[in-house]
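A.B. asks: Next up is a structure, given as structure tokens.
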Amino acid sequence: MNIGYIIRKAKREDLSAIRRLQEKNLFSKVSDTIKAKEGFVSLETDIPLLSKINRQIGIIVAEFNGKIVGYELPLPIPLAKKMPFLVPLVKRYMRLKFNRKPLLKYKTILEGQICIDKSHKGKGVAEKMHKAFLELLNGKYQLLVTEVSDLNQRSLKAHTQKLGLSVLETYSADEKKWYILVQEIS
């Protein structure tokens, strides 16, 4: 029976499903064709890190017929500083401004990633999850910051055209162009 999508905060028992969905969509695991058509996630997180994030802040999931088909996870700056993959973003974050005010002056959280199973893309799941994600963060943070590779045009389009983020800066790292995106949370 199809009861539709349930958008909610993740439970401990959801973490392995989040990890499997992440693994299935990792840049290193998908073909160039899939990368171009469906998008990908760049950051790999293990169950202990997912558990820590879920306990500290929360992870939003989309459930469909009892199965986790999407997630959006926050990433606190202190955790991001410890992840080699995110060093270029964190270095830029330290000097960037939004509305002429340094990002460091805002209560800022990173969007670690948003991921939706390919059979559920294009059905409004990202928008529903992101709305719940912003509600989860509201009152605790002022700005949401993330980065998207130019190789991930589907994600860039979703973030800027459907989720309401704006391009703050572009830069190059590891022979790729990256877009730093920002959104006010309140």
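Chain labels run A, B, ... following the order of the structure tokens; each chain numbers its residues from 1, and ligands are numbered from 1 in the order shown.
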Taking only residues of range 60-82 of chain A that have an atom at most 9 Å from an atom of range 130-135 of chain A, what is each one's shortest atom pair and its distance in Å to one decimal, using only C-alpha atoms, in chain and number order, as CSV?

C.D. replies:
residue,atom,partner,partner_atom,distance
A:Ile60,CA,A:Phe133,CA,6.0
A:Glu72,CA,A:Phe133,CA,7.1
A:Leu73,CA,A:Phe133,CA,8.1
A:Pro74,CA,A:Phe133,CA,8.5

A.B. asks: What residues in range 2-186 of chain A get the DSSP label strand (DSSP E)? Please answer as number ranges by chain.

C.D. replies: A: 5-9, 60-64, 67-75, 97-98, 101-102, 108-116, 143-149, 166-173, 176-184

A.B. asks: Skipping near chain neighbours, those fewer than 4 positions away, what residues fall within 7 Å of Glu184 in chain A using only C-alpha atoms, listed as a PyMOL selection string?

C.D. replies: chain A and resi 142-144

A.B. asks: Considering only C-alpha atoms, state which residue in the set A:Leu50, A:Val69, A:Leu104, A:Val167 is at the smallest distance from Gly4 in chain A.

C.D. replies: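 So, comparing all the options, the nearest one is A:Val69.
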
A.B. asks: Could you list, as a list in words, every residue within 12 Å of Lys97 in chain A, counting only C-alpha atoms and ignoring same-chain residues fewer than 4 positions away?

C.D. replies: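 Once the adjacent positions are removed, what remains is Arg92, Tyr93, Lys101, Pro102, Leu103, Leu104, Lys105, Tyr106, Thr108, Leu143, Val145, Leu168, Glu169, Ile180, Leu181 and Val182 of chain A.
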
A.B. asks: Give me the residues of range 124-156 of chain A that have any atom at most 10 Å from an atom of range 31-46 of chain A; for each, the nearest atom pair and the distance in Å, rounded to one decimal. Use only C-alpha atoms, sort by chain and number, and format it as a Markdown table.

C.D. replies:
| residue | atom | partner | partner_atom | distance |
| --- | --- | --- | --- | --- |
| A:Val148 | CA | A:Ser42 | CA | 8.9 |
| A:Ser149 | CA | A:Ser42 | CA | 8.7 |
| A:Leu151 | CA | A:Ala36 | CA | 7.1 |
| A:Asn152 | CA | A:Gly39 | CA | 5.3 |
| A:Gln153 | CA | A:Gly39 | CA | 7.1 |
| A:Arg154 | CA | A:Gly39 | CA | 5.5 |
| A:Ser155 | CA | A:Gly39 | CA | 6.2 |
| A:Leu156 | CA | A:Gly39 | CA | 9.2 |

A.B. asks: Suppose we keep N, CA, C and O atoms; can you now write the selection as a PDB file, in the first residue's frame?

C.D. replies:
ATOM      1  N   VAL A 148      28.982  22.506  -4.195  1.00  0.00           N
ATOM      2  CA  VAL A 148      28.582  21.548  -5.219  1.00  0.00           C
ATOM      3  C   VAL A 148      29.597  21.631  -6.356  1.00  0.00           C
ATOM      4  O   VAL A 148      29.954  22.722  -6.801  1.00  0.00           O
ATOM      5  N   SER A 149      30.032  20.478  -6.823  1.00  0.00           N
ATOM      6  CA  SER A 149      30.969  20.403  -7.947  1.00  0.00           C
ATOM      7  C   SER A 149      30.256  20.758  -9.247  1.00  0.00           C
ATOM      8  O   SER A 149      29.082  20.438  -9.434  1.00  0.00           O
ATOM      9  N   LEU A 151      30.685  19.284 -11.835  1.00  0.00           N
ATOM     10  CA  LEU A 151      30.382  18.002 -12.471  1.00  0.00           C
ATOM     11  C   LEU A 151      29.006  17.486 -12.070  1.00  0.00           C
ATOM     12  O   LEU A 151      28.484  16.553 -12.666  1.00  0.00           O
ATOM     13  N   ASN A 152      28.427  18.103 -11.029  1.00  0.00           N
ATOM     14  CA  ASN A 152      27.145  17.654 -10.497  1.00  0.00           C
ATOM     15  C   ASN A 152      26.065  18.695 -10.805  1.00  0.00           C
ATOM     16  O   ASN A 152      25.494  19.314  -9.913  1.00  0.00           O
ATOM     17  N   GLN A 153      25.780  18.848 -12.084  1.00  0.00           N
ATOM     18  CA  GLN A 153      24.820  19.862 -12.523  1.00  0.00           C
ATOM     19  C   GLN A 153      23.411  19.605 -11.994  1.00  0.00           C
ATOM     20  O   GLN A 153      22.676  20.547 -11.722  1.00  0.00           O
ATOM     21  N   ARG A 154      23.034  18.358 -11.838  1.00  0.00           N
ATOM     22  CA  ARG A 154      21.700  18.063 -11.295  1.00  0.00           C
ATOM     23  C   ARG A 154      21.579  18.614  -9.872  1.00  0.00           C
ATOM     24  O   ARG A 154      20.573  19.220  -9.516  1.00  0.00           O
ATOM     25  N   SER A 155      22.606  18.411  -9.062  1.00  0.00           N
ATOM     26  CA  SER A 155      22.593  18.914  -7.691  1.00  0.00           C
ATOM     27  C   SER A 155      22.634  20.435  -7.665  1.00  0.00           C
ATOM     28  O   SER A 155      21.910  21.071  -6.887  1.00  0.00           O
ATOM     29  N   LEU A 156      23.456  21.022  -8.503  1.00  0.00           N
ATOM     30  CA  LEU A 156      23.562  22.482  -8.559  1.00  0.00           C
ATOM     31  C   LEU A 156      22.195  23.088  -8.925  1.00  0.00           C
ATOM     32  O   LEU A 156      21.736  24.040  -8.287  1.00  0.00           O
TER      33      LEU A 156
END

A.B. asks: Could you please determine the separation between CA of Cys115 in chain A and CA of Gln22 in chain A in Å, to one decimal place?

C.D. replies: 7.0 Å

A.B. asks: So which residues touch Arg8 in chain A within 10 Å, counting only C-alpha atoms, skipping near sequence neighbours fewer than 6 positions away, as a ChimeraX atom specification?

C.D. replies: /A:58-63,71,128-129,132-133,136

A.B. asks: So what do you get for CA of Ile77 in chain A versus CA of Ile109 in chain A, distance-wise?

C.D. replies: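 Spanning CA of Ile77 in chain A to CA of Ile109 in chain A is a straight-line distance of 6.4 Å.
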
A.B. asks: Would you return as a list in words the members of range 95-147 of chain A that DSSP assigns to alpha helix (DSSP H) on this structure's backbone?

C.D. replies: Val125, Ala126, Glu127, Lys128, Met129, His130, Lys131, Ala132, Phe133, Leu134, Glu135, Leu136 and Leu137 of chain A

A.B. asks: Show which residues sit within 12 Å of Ser51 in chain A, as an MDAnalysis selection string. Count only C-alpha atoms, and ignore same-chain residues fewer than 2 positions away.

C.D. replies: chainID A and resid 10:16 18:19 45:49 53:59 73:75

A.B. asks: Kindly export the residues of the current selection with N, CA, C and O atoms, as a short mmCIF file (atom, residue, chain, number, x, y, z; two decimals), in the first residue's frame.

C.D. replies:
data_model
loop_
_atom_site.label_atom_id
_atom_site.label_comp_id
_atom_site.auth_asym_id
_atom_site.auth_seq_id
_atom_site.Cartn_x
_atom_site.Cartn_y
_atom_site.Cartn_z
N ALA A 10 15.78 11.27 11.40
CA ALA A 10 16.27 9.89 11.38
C ALA A 10 16.29 9.29 12.78
O ALA A 10 16.52 9.99 13.77
N LYS A 11 16.09 7.99 12.82
CA LYS A 11 16.24 7.20 14.04
C LYS A 11 17.56 6.43 13.93
O LYS A 11 18.10 6.28 12.83
N ARG A 12 18.03 5.94 15.02
CA ARG A 12 19.29 5.19 15.02
C ARG A 12 19.25 4.03 14.02
O ARG A 12 20.21 3.77 13.31
N GLU A 13 18.11 3.37 13.94
CA GLU A 13 18.00 2.22 13.04
C GLU A 13 17.98 2.61 11.56
O GLU A 13 18.09 1.75 10.68
N ASP A 14 17.87 3.90 11.24
CA ASP A 14 17.90 4.37 9.85
C ASP A 14 19.33 4.57 9.32
O ASP A 14 19.53 4.70 8.12
N LEU A 15 20.29 4.63 10.21
CA LEU A 15 21.65 5.03 9.81
C LEU A 15 22.28 4.08 8.80
O LEU A 15 22.96 4.53 7.87
N SER A 16 22.05 2.79 8.93
CA SER A 16 22.64 1.86 7.95
C SER A 16 21.99 2.04 6.58
O SER A 16 22.66 1.91 5.56
N ILE A 18 20.82 4.93 5.46
CA ILE A 18 21.42 6.17 4.96
C ILE A 18 22.79 5.86 4.37
O ILE A 18 23.12 6.30 3.27
N ARG A 19 23.57 5.09 5.09
CA ARG A 19 24.92 4.73 4.63
C ARG A 19 24.88 3.95 3.32
O ARG A 19 25.68 4.20 2.42
N THR A 45 30.64 9.24 4.68
CA THR A 45 30.58 9.28 6.14
C THR A 45 30.29 7.88 6.66
O THR A 45 29.52 7.13 6.06
N ASP A 46 30.91 7.53 7.77
CA ASP A 46 30.69 6.21 8.34
C ASP A 46 29.55 6.26 9.37
O ASP A 46 29.07 7.34 9.74
N ILE A 47 29.14 5.11 9.84
CA ILE A 47 28.03 5.02 10.79
C ILE A 47 28.33 5.78 12.09
O ILE A 47 27.45 6.51 12.57
N PRO A 48 29.53 5.68 12.67
CA PRO A 48 29.78 6.46 13.89
C PRO A 48 29.62 7.98 13.67
O PRO A 48 29.06 8.66 14.53
N LEU A 49 30.06 8.49 12.53
CA LEU A 49 29.90 9.92 12.25
C LEU A 49 28.43 10.26 12.03
O LEU A 49 27.93 11.27 12.55
N ILE A 53 26.30 12.96 14.28
CA ILE A 53 25.54 14.07 13.68
C ILE A 53 24.06 13.96 14.06
O ILE A 53 23.42 14.95 14.42
N ASN A 54 23.53 12.75 14.00
CA ASN A 54 22.11 12.56 14.31
C ASN A 54 21.82 12.88 15.78
O ASN A 54 20.79 13.48 16.08
N ARG A 55 22.72 12.50 16.67
CA ARG A 55 22.54 12.81 18.09
C ARG A 55 22.66 14.31 18.35
O ARG A 55 21.87 14.89 19.10
N GLN A 56 23.67 14.96 17.73
CA GLN A 56 23.93 16.37 18.00
C GLN A 56 22.90 17.31 17.37
O GLN A 56 22.50 18.29 17.98
N ILE A 57 22.51 17.03 16.14
CA ILE A 57 21.65 17.96 15.40
C ILE A 57 20.42 17.25 14.83
O ILE A 57 19.30 17.71 14.99
N GLY A 58 20.66 16.16 14.15
CA GLY A 58 19.59 15.43 13.49
C GLY A 58 19.84 15.32 12.00
O GLY A 58 20.49 16.17 11.40
N ILE A 59 19.36 14.26 11.41
CA ILE A 59 19.42 14.03 9.97
C ILE A 59 17.97 13.87 9.52
O ILE A 59 17.18 13.19 10.17
N LEU A 73 21.72 15.71 5.45
CA LEU A 73 22.44 15.76 6.72
C LEU A 73 23.24 17.04 6.88
O LEU A 73 23.84 17.54 5.93
N PRO A 74 23.22 17.58 8.10
CA PRO A 74 24.02 18.76 8.41
C PRO A 74 25.43 18.33 8.79
O PRO A 74 25.66 17.18 9.13
N LEU A 75 26.33 19.28 8.71
CA LEU A 75 27.70 19.00 9.11
C LEU A 75 28.25 20.23 9.83
O LEU A 75 28.48 21.27 9.21
#

A.B. asks: Check the smallest atom-to-atom distance from each of A:Lys81, A:Lys67, A:Lys29, A:Lys24 to Lys118 in chain A using only C-alpha atoms, then report the winner.

C.D. replies: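 Once distances to Lys118 in chain A are computed over only C-alpha atoms, the minimum belongs to A:Lys24.
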
A.B. asks: Considering only C-alpha atoms, can you say which of A:Ile68, A:Thr170, A:Ile185, A:Gly164 comes closest to Ile116 in chain A?

C.D. replies: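 Counting only C-alpha atoms, the residue closest to Ile116 in chain A is A:Ile68.
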
A.B. asks: Give the answer as one residue: which of A:Thr160, A:Asp150, A:Pro78, A:Phe98 has the shortest atom-to-atom distance to Glu175 in chain A, using only C-alpha atoms?

C.D. replies: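 Smallest distance to Glu175 in chain A is found for A:Asp150.
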
A.B. asks: CA of Leu110 in chain A and CA of Trp178 in chain A, how far apart in Å?

C.D. replies: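 About the pair CA of Trp178 in chain A and CA of Leu110 in chain A: they are 14.8 Å apart.
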